[in-house]
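Novice: Have a look at this one.
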Amino acid sequence: MTTESASPGINPERVEEIATRAFTYIGGAAVSGLIYLGDRLGLYRALAQHGPCTSEEFAAATGLNERWLREWLRGQAAAGLIDNSGEQFSLSPEAYLVLVDENTPASAIGAFDSFPELNRVFDELPEAFRTGQGLTYDDGGPATARQVERLLGPWNRSALVSEALPKVPGLVEKLQAGARVGDIGCGAAVGSTAVAQAFPNSEVHGYDNSVHALERARNNIASAGVANCHVHNSDDEPIPQDESFDVFLVLDALHDMTRPDLAMRAVRGALKPDGIWFIVDVDAPEDWHENLQHPLGAMLYAFSIQACMSSALSSPDGLGLGTVGLPESKLFGMLREAGFTRMARVPGLEHPFNAYYYAQP
Ligand SMILES: C[S@@+](CC[C@H](N)C(=O)[O-])C[C@H]1O[C@@H](n2cnc3c(N)ncnc32)[C@H](O)[C@@H]1O
């Protein structure tokens, strides 16, 4: 630091500020590793059960090594994720919602699933920067589908049916009466399954081209015991173009697709003239500069390079939208080109980074 501060034209305070930021990011990544371990070893759940407790009591309760636990507990307290009073550590009810309970929109723990596997992609990405070619969701093995399911599953399970769908005019009435429903980019079918369970008169068809996600989807559907939910590999079984669907969903998937324009046309061709498409996508600003002020802006760009834009560039004709690549005006323009004439934001739905829309032919 002393050399730079002595150099003409270098502002030492700015050097320090940038260094602090850089260390904050490596700190975030390192602490993410500890959160991953906490999840993988069941430590948050165990702390909720056994806390307040000392590291010795925690070791006795979990059967894990006291010295390692002590370091983890102190580190998690330093990170502000768990509470301590002296040598007693505990998990607050609020932290329980974020780090243990996966049936609440507050859940964040799924973001840390498969942390080591997902970060291996950084070895592949230099080549992507050279060639332009991204990686599909399946290129990294089954980890991505698992992480996406745990990341997005809590909202899909706990808010899609109860909070979101009722805010779309006329949608719940269709589902109650018995609708043919499609879910494009259904992933592990958590959303499809929730809709099928809530609306037994309806029949839900999920479409995805990730074999790992589809395998998870089939297991999820089987373990939920829902007979009115089915999934299809859209590469082998494209969405039927017969205007037979009453409702379509797309939950956080358009910006990941190589050709969202073609997906939109496929949904248009599948929907009845009075059908409704419920769309969830990242609430991207019209002007990218707004991302500089967004508290999650840097993270969204990182997700884009790690997963979303990479997926959207995984074929040579990919449009490469990426995580923050589908602001409202672009979405609406593309929907119009695909043959939709009516579209709007769903009012009264809040999310830290998603926006909600519906479109009709
Ligand atoms: C971020 S995930 C969302 C999954 C799911 N909707 C959810 O909410 O958990 C995006 C999904 O889009 C799928 N996808 C990407 N391109 C696709 C395409 N062309 N056709 C069908 N699915 C696609 C991916 O395989 C992935 O499962």
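Lettering and numbering for the structure tokens are positional, with chains as A, B, ... in the shown order, residues counted from 1 in each chain, and ligands counted from 1 in the shown order.
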Please, which residues have at least one atom within 8 Å of an atom of ligand 1, using only C-alpha atoms and all ligand atoms, listed as a ChimeraX atom specification?

Specialist: /A:136-138,145,148-153,156,183-191,207-211,213,233-235,250-254,256-260,263,308,311-312

Novice: Which residues are close to Ala78 (chain A), i.e. within 12 Å by only C-alpha atoms, leaving aside same-chain residues fewer than 5 positions away? Reply as an mmCIF file with C-alpha atoms, in the first residue's frame.

Specialist:
```
data_model
loop_
_atom_site.group_PDB
_atom_site.id
_atom_site.type_symbol
_atom_site.label_atom_id
_atom_site.label_comp_id
_atom_site.auth_asym_id
_atom_site.auth_seq_id
_atom_site.Cartn_x
_atom_site.Cartn_y
_atom_site.Cartn_z
ATOM 1 C CA GLY A 27 -14.927 -12.785 2.824
ATOM 2 C CA VAL A 31 -18.324 -17.337 4.761
ATOM 3 C CA LEU A 34 -19.097 -22.080 6.109
ATOM 4 C CA GLU A 71 -14.452 -22.305 15.257
ATOM 5 C CA TRP A 72 -17.591 -22.573 13.146
ATOM 6 C CA LEU A 73 -19.864 -21.242 15.915
ATOM 7 C CA ASP A 83 -26.471 -15.388 18.269
ATOM 8 C CA ASN A 84 -24.229 -15.757 21.258
ATOM 9 C CA PHE A 89 -24.669 -20.065 21.018
#
```

Novice: Work out how far CA of Arg180 (chain A) is from CA of Val231 (chain A), in Å to one decimal.

Specialist: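 About the pair CA of Val231 (chain A) and CA of Arg180 (chain A): they are 13.2 Å apart.
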
Novice: With distances taken over only C-alpha atoms, which of A:Leu331, A:Asn201, A:Thr193, A:Asp246 is nearest to Ala217 (chain A)?

Specialist: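 Of A:Leu331, A:Asn201, A:Thr193, A:Asp246, the one nearest Ala217 (chain A) is A:Thr193, counting only C-alpha atoms.
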
Novice: If you count only C-alpha atoms, which residues fall within 7 Å of Val346 (chain A), apart from same-chain ones fewer than 6 positions away, as an MDAnalysis selection string?

Specialist: chainID A and resid 167:168 356:358

Novice: Report as an MDAnalysis selection string: the residues of region 167-326 of chain A with a DSSP assignment of alpha helix (DSSP H), based on the backbone of this structure.

Specialist: chainID A and resid 171:177 190:198 211:224 260:270 297:303 309:312

Novice: Write the residues you've just listed into a file as a short mmCIF file (atom, residue, chain, number, x, y, z; two decimals), in the first residue's frame, and include N, CA and C atoms for each of them.

Specialist:
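Saved to out.cif:
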```cif
data_model
loop_
_atom_site.label_atom_id
_atom_site.label_comp_id
_atom_site.auth_asym_id
_atom_site.auth_seq_id
_atom_site.Cartn_x
_atom_site.Cartn_y
_atom_site.Cartn_z
N LEU A 171 -57.20 -15.82 -13.21
CA LEU A 171 -56.35 -17.01 -13.29
C LEU A 171 -56.83 -18.14 -12.37
N VAL A 172 -57.10 -17.78 -11.12
CA VAL A 172 -57.48 -18.83 -10.16
C VAL A 172 -58.83 -19.47 -10.57
N GLU A 173 -59.72 -18.65 -11.13
CA GLU A 173 -61.02 -19.18 -11.58
C GLU A 173 -60.79 -20.28 -12.63
N LYS A 174 -59.88 -20.03 -13.54
CA LYS A 174 -59.58 -21.05 -14.58
C LYS A 174 -59.03 -22.32 -13.92
N LEU A 175 -58.10 -22.12 -12.97
CA LEU A 175 -57.45 -23.28 -12.35
C LEU A 175 -58.45 -24.08 -11.52
N GLN A 176 -59.36 -23.38 -10.85
CA GLN A 176 -60.35 -24.09 -10.04
C GLN A 176 -61.32 -24.87 -10.92
N ALA A 177 -61.68 -24.27 -12.04
CA ALA A 177 -62.65 -24.92 -12.93
C ALA A 177 -62.04 -26.17 -13.58
N VAL A 190 -41.22 -27.94 -8.79
CA VAL A 190 -41.78 -27.57 -7.48
C VAL A 190 -43.02 -26.70 -7.69
N GLY A 191 -42.91 -25.73 -8.62
CA GLY A 191 -44.07 -24.87 -8.91
C GLY A 191 -45.19 -25.67 -9.56
N SER A 192 -44.85 -26.50 -10.54
CA SER A 192 -45.88 -27.32 -11.22
C SER A 192 -46.62 -28.19 -10.21
N THR A 193 -45.85 -28.80 -9.30
CA THR A 193 -46.46 -29.70 -8.32
C THR A 193 -47.38 -28.92 -7.37
N ALA A 194 -46.93 -27.72 -6.97
CA ALA A 194 -47.75 -26.92 -6.05
C ALA A 194 -49.08 -26.56 -6.71
N VAL A 195 -49.03 -26.21 -8.00
CA VAL A 195 -50.26 -25.86 -8.71
C VAL A 195 -51.15 -27.10 -8.86
N ALA A 196 -50.54 -28.21 -9.21
CA ALA A 196 -51.33 -29.45 -9.39
C ALA A 196 -52.00 -29.85 -8.07
N GLN A 197 -51.28 -29.70 -6.96
CA GLN A 197 -51.85 -30.08 -5.66
C GLN A 197 -53.00 -29.15 -5.27
N ALA A 198 -52.80 -27.86 -5.53
CA ALA A 198 -53.81 -26.88 -5.09
C ALA A 198 -55.05 -26.90 -5.96
N VAL A 211 -31.92 -32.87 -18.19
CA VAL A 211 -32.26 -34.23 -17.75
C VAL A 211 -32.15 -34.35 -16.23
N HIS A 212 -31.22 -33.60 -15.65
CA HIS A 212 -31.08 -33.67 -14.18
C HIS A 212 -32.29 -33.04 -13.49
N ALA A 213 -32.75 -31.90 -14.01
CA ALA A 213 -33.93 -31.27 -13.42
C ALA A 213 -35.15 -32.17 -13.60
N LEU A 214 -35.26 -32.79 -14.78
CA LEU A 214 -36.44 -33.64 -15.04
C LEU A 214 -36.43 -34.87 -14.13
N GLU A 215 -35.25 -35.39 -13.84
CA GLU A 215 -35.18 -36.54 -12.93
C GLU A 215 -35.67 -36.12 -11.54
N ARG A 216 -35.23 -34.94 -11.10
CA ARG A 216 -35.69 -34.45 -9.79
C ARG A 216 -37.21 -34.21 -9.84
N ALA A 217 -37.67 -33.66 -10.97
CA ALA A 217 -39.10 -33.37 -11.11
C ALA A 217 -39.92 -34.66 -10.97
N ARG A 218 -39.48 -35.71 -11.65
CA ARG A 218 -40.24 -36.97 -11.60
C ARG A 218 -40.26 -37.51 -10.17
N ASN A 219 -39.13 -37.40 -9.48
CA ASN A 219 -39.10 -37.87 -8.07
C ASN A 219 -40.01 -37.01 -7.21
N ASN A 220 -39.97 -35.69 -7.41
CA ASN A 220 -40.81 -34.80 -6.60
C ASN A 220 -42.29 -35.07 -6.81
N ILE A 221 -42.65 -35.29 -8.08
CA ILE A 221 -44.07 -35.55 -8.39
C ILE A 221 -44.49 -36.87 -7.75
N ALA A 222 -43.61 -37.87 -7.84
CA ALA A 222 -43.94 -39.18 -7.27
C ALA A 222 -44.05 -39.07 -5.75
N SER A 223 -43.12 -38.37 -5.12
CA SER A 223 -43.19 -38.35 -3.65
C SER A 223 -44.34 -37.47 -3.15
N ALA A 224 -44.77 -36.49 -3.98
CA ALA A 224 -45.95 -35.71 -3.58
C ALA A 224 -47.24 -36.49 -3.86
N PRO A 260 -35.30 -17.39 -25.93
CA PRO A 260 -36.59 -17.06 -25.28
C PRO A 260 -37.63 -16.58 -26.28
N ASP A 261 -37.17 -16.03 -27.41
CA ASP A 261 -38.13 -15.58 -28.43
C ASP A 261 -38.90 -16.78 -28.98
N LEU A 262 -38.19 -17.89 -29.22
CA LEU A 262 -38.87 -19.08 -29.74
C LEU A 262 -39.76 -19.70 -28.66
N ALA A 263 -39.31 -19.63 -27.40
CA ALA A 263 -40.13 -20.15 -26.30
C ALA A 263 -41.44 -19.36 -26.21
N MET A 264 -41.34 -18.05 -26.38
CA MET A 264 -42.55 -17.23 -26.32
C MET A 264 -43.52 -17.60 -27.44
N ARG A 265 -42.96 -17.83 -28.63
CA ARG A 265 -43.82 -18.23 -29.75
C ARG A 265 -44.45 -19.59 -29.47
N ALA A 266 -43.67 -20.48 -28.85
CA ALA A 266 -44.21 -21.81 -28.54
C ALA A 266 -45.36 -21.70 -27.54
N VAL A 267 -45.20 -20.84 -26.55
CA VAL A 267 -46.29 -20.67 -25.56
C VAL A 267 -47.50 -20.04 -26.24
N ARG A 268 -47.26 -19.08 -27.11
CA ARG A 268 -48.38 -18.44 -27.83
C ARG A 268 -49.14 -19.48 -28.65
N GLY A 269 -48.40 -20.37 -29.29
CA GLY A 269 -49.05 -21.40 -30.12
C GLY A 269 -49.78 -22.44 -29.29
N ALA A 270 -49.42 -22.54 -28.02
CA ALA A 270 -50.05 -23.55 -27.16
C ALA A 270 -51.29 -23.02 -26.44
N GLY A 297 -26.98 -6.00 -7.06
CA GLY A 297 -26.54 -5.87 -8.44
C GLY A 297 -25.30 -6.71 -8.76
N ALA A 298 -24.28 -6.61 -7.93
CA ALA A 298 -23.04 -7.35 -8.21
C ALA A 298 -23.29 -8.85 -8.17
N MET A 299 -24.12 -9.27 -7.22
CA MET A 299 -24.43 -10.70 -7.11
C MET A 299 -25.18 -11.18 -8.36
N LEU A 300 -26.11 -10.36 -8.86
CA LEU A 300 -26.90 -10.78 -10.03
C LEU A 300 -26.00 -10.94 -11.25
N TYR A 301 -25.04 -10.03 -11.43
CA TYR A 301 -24.09 -10.20 -12.54
C TYR A 301 -23.24 -11.46 -12.36
N ALA A 302 -22.86 -11.74 -11.11
CA ALA A 302 -22.06 -12.95 -10.86
C ALA A 302 -22.89 -14.20 -11.18
N PHE A 303 -24.16 -14.22 -10.76
CA PHE A 303 -25.03 -15.36 -11.10
C PHE A 303 -25.15 -15.49 -12.62
N MET A 309 -26.47 -16.31 -17.92
CA MET A 309 -26.03 -15.91 -19.26
C MET A 309 -25.28 -17.06 -19.92
N SER A 310 -24.54 -17.82 -19.10
CA SER A 310 -23.82 -18.97 -19.64
C SER A 310 -24.79 -19.92 -20.32
N SER A 311 -25.90 -20.22 -19.62
CA SER A 311 -26.93 -21.09 -20.20
C SER A 311 -27.51 -20.46 -21.46
N ALA A 312 -27.75 -19.15 -21.40
CA ALA A 312 -28.38 -18.45 -22.53
C ALA A 312 -27.44 -18.32 -23.73
#
```

Novice: Hey, what's within 8 Å of Gly51 (chain A) if we count only C-alpha atoms and toss same-chain stuff fewer than 3 positions away? As an mmCIF file with N, CA and C atoms, in the first residue's frame, please?

Specialist:
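Heads up, here's the output in selection.cif:
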```cif
data_model
loop_
_atom_site.group_PDB
_atom_site.id
_atom_site.type_symbol
_atom_site.label_atom_id
_atom_site.label_comp_id
_atom_site.auth_asym_id
_atom_site.auth_seq_id
_atom_site.Cartn_x
_atom_site.Cartn_y
_atom_site.Cartn_z
ATOM 1 N N ALA A 46 -29.577 -28.342 14.066
ATOM 2 C CA ALA A 46 -29.148 -28.870 15.368
ATOM 3 C C ALA A 46 -29.066 -27.743 16.398
ATOM 4 N N LEU A 47 -28.601 -26.584 15.964
ATOM 5 C CA LEU A 47 -28.491 -25.460 16.906
ATOM 6 C C LEU A 47 -29.881 -24.989 17.337
ATOM 7 N N ALA A 48 -30.823 -25.024 16.368
ATOM 8 C CA ALA A 48 -32.203 -24.652 16.722
ATOM 9 C C ALA A 48 -32.740 -25.620 17.773
ATOM 10 N N PHE A 58 -22.730 -28.637 22.175
ATOM 11 C CA PHE A 58 -23.103 -28.806 20.761
ATOM 12 C C PHE A 58 -22.395 -30.039 20.189
ATOM 13 N N GLN A 88 -22.384 -19.248 25.080
ATOM 14 C CA GLN A 88 -23.622 -19.929 24.685
ATOM 15 C C GLN A 88 -24.034 -19.462 23.286
ATOM 16 N N PHE A 89 -24.291 -20.405 22.392
ATOM 17 C CA PHE A 89 -24.669 -20.065 21.018
ATOM 18 C C PHE A 89 -26.103 -20.522 20.750
ATOM 19 N N SER A 90 -26.801 -19.741 19.921
ATOM 20 C CA SER A 90 -28.192 -20.111 19.613
ATOM 21 C C SER A 90 -28.572 -19.610 18.223
ATOM 22 N N LEU A 91 -29.670 -20.158 17.731
ATOM 23 C CA LEU A 91 -30.210 -19.730 16.432
ATOM 24 C C LEU A 91 -31.525 -19.015 16.707
#
```

Novice: What does the distance from CA of Gln133 (chain A) to CA of Ala30 (chain A) come to in Å, to one decimal?

Specialist: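 Between these atoms lies a distance of 28.8 Å.
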
Novice: Suppose you want the space between CA of Gly63 (chain A) and CA of His50 (chain A); what is it in Å?

Specialist: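 About the pair CA of Gly63 (chain A) and CA of His50 (chain A): they are 12.5 Å apart.
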
Novice: At a cut-off of 9 Å, using only C-alpha atoms, what residues contact Tyr44 (chain A)? Leave out same-chain residues fewer than 3 positions from it and give the result as a PyMOL selection string.

Specialist: chain A and resi 38-39+41+47-49+82+91+95-96+99-100

Novice: Please return as a ChimeraX atom specification: the residues of region 143-350 of chain A that backbone DSSP assigns to strand (DSSP E or B).

Specialist: /A:180-184,203-208,229-233,245-251,271-282,342-345

Novice: Save the residues we just selected, C-alpha atoms, as a PDB file, in the first residue's frame?

Specialist:
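Final output, saved to selection_24.pdb:
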```
ATOM      1  CA  ARG A 180     -54.745 -27.469 -18.904  1.00  0.00           C
ATOM      2  CA  VAL A 181     -51.588 -25.827 -17.527  1.00  0.00           C
ATOM      3  CA  GLY A 182     -48.087 -25.668 -18.994  1.00  0.00           C
ATOM      4  CA  ASP A 183     -44.904 -24.714 -17.115  1.00  0.00           C
ATOM      5  CA  ILE A 184     -42.003 -23.943 -19.448  1.00  0.00           C
ATOM      6  CA  GLU A 203     -53.687 -30.924 -15.249  1.00  0.00           C
ATOM      7  CA  VAL A 204     -50.159 -29.540 -15.251  1.00  0.00           C
ATOM      8  CA  HIS A 205     -47.478 -30.275 -17.854  1.00  0.00           C
ATOM      9  CA  GLY A 206     -43.943 -29.141 -17.102  1.00  0.00           C
ATOM     10  CA  TYR A 207     -41.405 -28.769 -19.938  1.00  0.00           C
ATOM     11  CA  ASP A 208     -37.651 -28.576 -19.481  1.00  0.00           C
ATOM     12  CA  CYS A 229     -48.726 -33.353 -12.903  1.00  0.00           C
ATOM     13  CA  HIS A 230     -46.469 -34.582 -15.703  1.00  0.00           C
ATOM     14  CA  VAL A 231     -43.113 -33.476 -17.063  1.00  0.00           C
ATOM     15  CA  HIS A 232     -41.681 -33.652 -20.558  1.00  0.00           C
ATOM     16  CA  ASN A 233     -38.265 -33.200 -22.083  1.00  0.00           C
ATOM     17  CA  PHE A 245     -53.700 -24.757 -22.877  1.00  0.00           C
ATOM     18  CA  ASP A 246     -55.689 -22.461 -20.581  1.00  0.00           C
ATOM     19  CA  VAL A 247     -52.751 -21.344 -18.494  1.00  0.00           C
ATOM     20  CA  PHE A 248     -48.968 -21.230 -18.828  1.00  0.00           C
ATOM     21  CA  LEU A 249     -46.311 -20.486 -16.239  1.00  0.00           C
ATOM     22  CA  VAL A 250     -42.667 -19.576 -16.570  1.00  0.00           C
ATOM     23  CA  LEU A 251     -40.870 -19.270 -13.264  1.00  0.00           C
ATOM     24  CA  LEU A 271     -52.416 -21.115 -25.430  1.00  0.00           C
ATOM     25  CA  LYS A 272     -56.136 -20.786 -26.101  1.00  0.00           C
ATOM     26  CA  PRO A 273     -57.172 -17.323 -27.322  1.00  0.00           C
ATOM     27  CA  ASP A 274     -58.345 -16.446 -23.783  1.00  0.00           C
ATOM     28  CA  GLY A 275     -55.425 -18.208 -22.072  1.00  0.00           C
ATOM     29  CA  ILE A 276     -53.156 -16.543 -19.508  1.00  0.00           C
ATOM     30  CA  TRP A 277     -49.374 -16.758 -19.163  1.00  0.00           C
ATOM     31  CA  PHE A 278     -47.961 -15.985 -15.690  1.00  0.00           C
ATOM     32  CA  ILE A 279     -44.343 -14.870 -15.985  1.00  0.00           C
ATOM     33  CA  VAL A 280     -41.712 -14.552 -13.262  1.00  0.00           C
ATOM     34  CA  ASP A 281     -38.383 -13.038 -14.208  1.00  0.00           C
ATOM     35  CA  VAL A 282     -35.701 -10.886 -12.652  1.00  0.00           C
ATOM     36  CA  ARG A 342     -52.255  -7.943 -23.684  1.00  0.00           C
ATOM     37  CA  MET A 343     -49.602  -7.823 -20.960  1.00  0.00           C
ATOM     38  CA  ALA A 344     -49.099  -6.184 -17.587  1.00  0.00           C
ATOM     39  CA  ARG A 345     -47.158  -6.351 -14.351  1.00  0.00           C
TER      40      ARG A 345
END
```

Novice: Please provide as a list of chain:residue names all residues within 10 Å of His351 (chain A), with the sequence filter that same-chain residues fewer than 6 positions apart are discarded (counting only C-alpha atoms).

Specialist: A:Pro105, A:Trp155, A:Val282, A:Asp283

Novice: With distances taken over only C-alpha atoms, which residue among A:Leu118, A:Leu335, A:Ile109, A:Leu160 lies nearest Gly140 (chain A)?

Specialist: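 Closest residue, counting only C-alpha atoms: A:Leu118.
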